[in-house]
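Participant: Just passing along the structure, written as structure tokens.
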Amino acid sequence: MTKDLMDQEMAVADGLVVSLAYSLRLDDGEEIDSAAGDDPLVYLHGAQNIIPGLEQALTGLKVGDARSVSVKPVDGYGDVDPDAFELVPYDAFPADVDLEEGMGLRMVDSSTGQQMDAYISELRDDGALLDLNHPLAGETLHFNVEIVGLRRATTDEIAHGHAHTADHTH
């Protein structure tokens with residue numbers, strides 16, 4: 001069996017590196033993310049590198065297969081957690097930053113040192129209400145996907161839990 005023939009028969013499964021062209025839309029039809037076939041998303045399947053609902057839908061597809069996939073919040077970024085909001089007094093922000101609703105911020109948890117992304121949900125009299133939910137929490141995600149490449153993961157990739165790609169500049 002030639003390598004080409006084997007690759008054509010290969011289907012998306014755990015331990016394979018998948019090259020994925022996709023577009024992502026929300027319920028309102030707005031496209032919020034995409035990757036073209038000539039610059040695809042490359043990930044290690046089965047290593048939780050992408051949301052579970054999409055990974056599950058791609059399992060078994062072959063190169064050239066295209067699908068429309070809708071992923072509910074439970075299989076995506078989860079529902080909005082009402083406890084993941086925090087009111088932060090204005091004096092906790094640098095004085096030279098103009099705060100706006102919807103603005104994204106990178107915060108560091110002082111007790112753990114862990115970085116978190118937050119968004120300003122509301123500007124109130126007593127401070128900024130920060131939303132610590134993922135920005136796509138609560139959203140149903142609508143993907144158009146096409147498998148543009150498949151290969152076996154290297155031992156290093158499996159050990160590290162992600163695909164290694166050649167660095168390239170855009």
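Naming scheme: A, B, ... for chains in displayed order of the structure tokens; residues 1 onward per chain; ligands 1 onward as shown.
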At a cut-off of 7 Å, can you tabulate as a Markdown table every residue of range 29-115 of chain A near range 10-24 of chain A together with its closest atom pair and the distance in Å to one decimal, using only C-alpha atoms and ordering rows by chain then number?
Facilitator:
| residue | atom | partner | partner_atom | distance |
| --- | --- | --- | --- | --- |
| A:Glu31 | CA | A:Leu24 | CA | 5.6 |
| A:Ile32 | CA | A:Leu24 | CA | 5.9 |
| A:Asp33 | CA | A:Leu24 | CA | 5.2 |
| A:Ser34 | CA | A:Ser23 | CA | 4.1 |
| A:Ala35 | CA | A:Ala21 | CA | 5.1 |
| A:Ala36 | CA | A:Ala21 | CA | 5.1 |
| A:Gly37 | CA | A:Ala21 | CA | 4.9 |
| A:Pro40 | CA | A:Ala21 | CA | 4.9 |
| A:Leu41 | CA | A:Leu20 | CA | 5.1 |
| A:Val42 | CA | A:Ser19 | CA | 4.5 |
| A:Tyr43 | CA | A:Val18 | CA | 5.5 |
| A:Leu44 | CA | A:Val17 | CA | 4.6 |
| A:His45 | CA | A:Asp14 | CA | 4.9 |
| A:Gly46 | CA | A:Asp14 | CA | 4.4 |
| A:Leu58 | CA | A:Val12 | CA | 6.6 |
| A:Thr59 | CA | A:Val12 | CA | 4.9 |
| A:Gly60 | CA | A:Val12 | CA | 4.8 |
| A:Leu61 | CA | A:Ala11 | CA | 5.3 |
| A:Lys62 | CA | A:Ala11 | CA | 4.6 |
Participant: Let me make sure I understand: among A:Ile120, A:Ala159, A:Val145, A:Ala153, which one has the smallest atom-to-atom distance to Tyr90 in chain A if we use only C-alpha atoms?
Facilitator: A:Ile120
Participant: Check the smallest atom-to-atom distance from each of A:Ala137, A:Asp75, A:Leu123, A:Glu100 to Glu55 in chain A using only C-alpha atoms, then report the winner.
Facilitator: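 Of A:Ala137, A:Asp75, A:Leu123, A:Glu100, the one nearest Glu55 in chain A, counting only C-alpha atoms, is A:Asp75.
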Participant: Where in chain A does DSSP assign strand (DSSP E or B), given as a PyMOL selection string?
Facilitator: chain A and resi 11+16-25+31-35+41-44+62+66-71+85-88+104-108+115-124+127-131+141-152
Participant: Find the spatial neighbours of Leu87 in chain A, counting only C-alpha atoms, within a cut-off of 7 Å - ignore same-chain residues fewer than 2 positions away - and output them as a list in words.
Facilitator: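 Answer for this query is Phe85, Pro89, Gly127, Ala128, Leu129 and Leu130 of chain A.
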Participant: Compile the contact shell of Leu105 in chain A as an NGL selection string: residues with an atom at most 10 Å away, counting only C-alpha atoms, same-chain residues fewer than 6 positions apart removed.
Facilitator: :A and (99 or 116-120 or 130-132)
Participant: One decimal, in Å: what's the spacing between CA of Val74 in chain A and CA of Leu26 in chain A?
Facilitator: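 Taking CA of Val74 in chain A as the start and CA of Leu26 in chain A as the end point, the length is 15.1 Å.
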Participant: Where in range 57-94 of chain A does DSSP assign helix (DSSP H, G or I), given as a ChimeraX atom specification?
Facilitator: /A:57-58,73-75,90-92
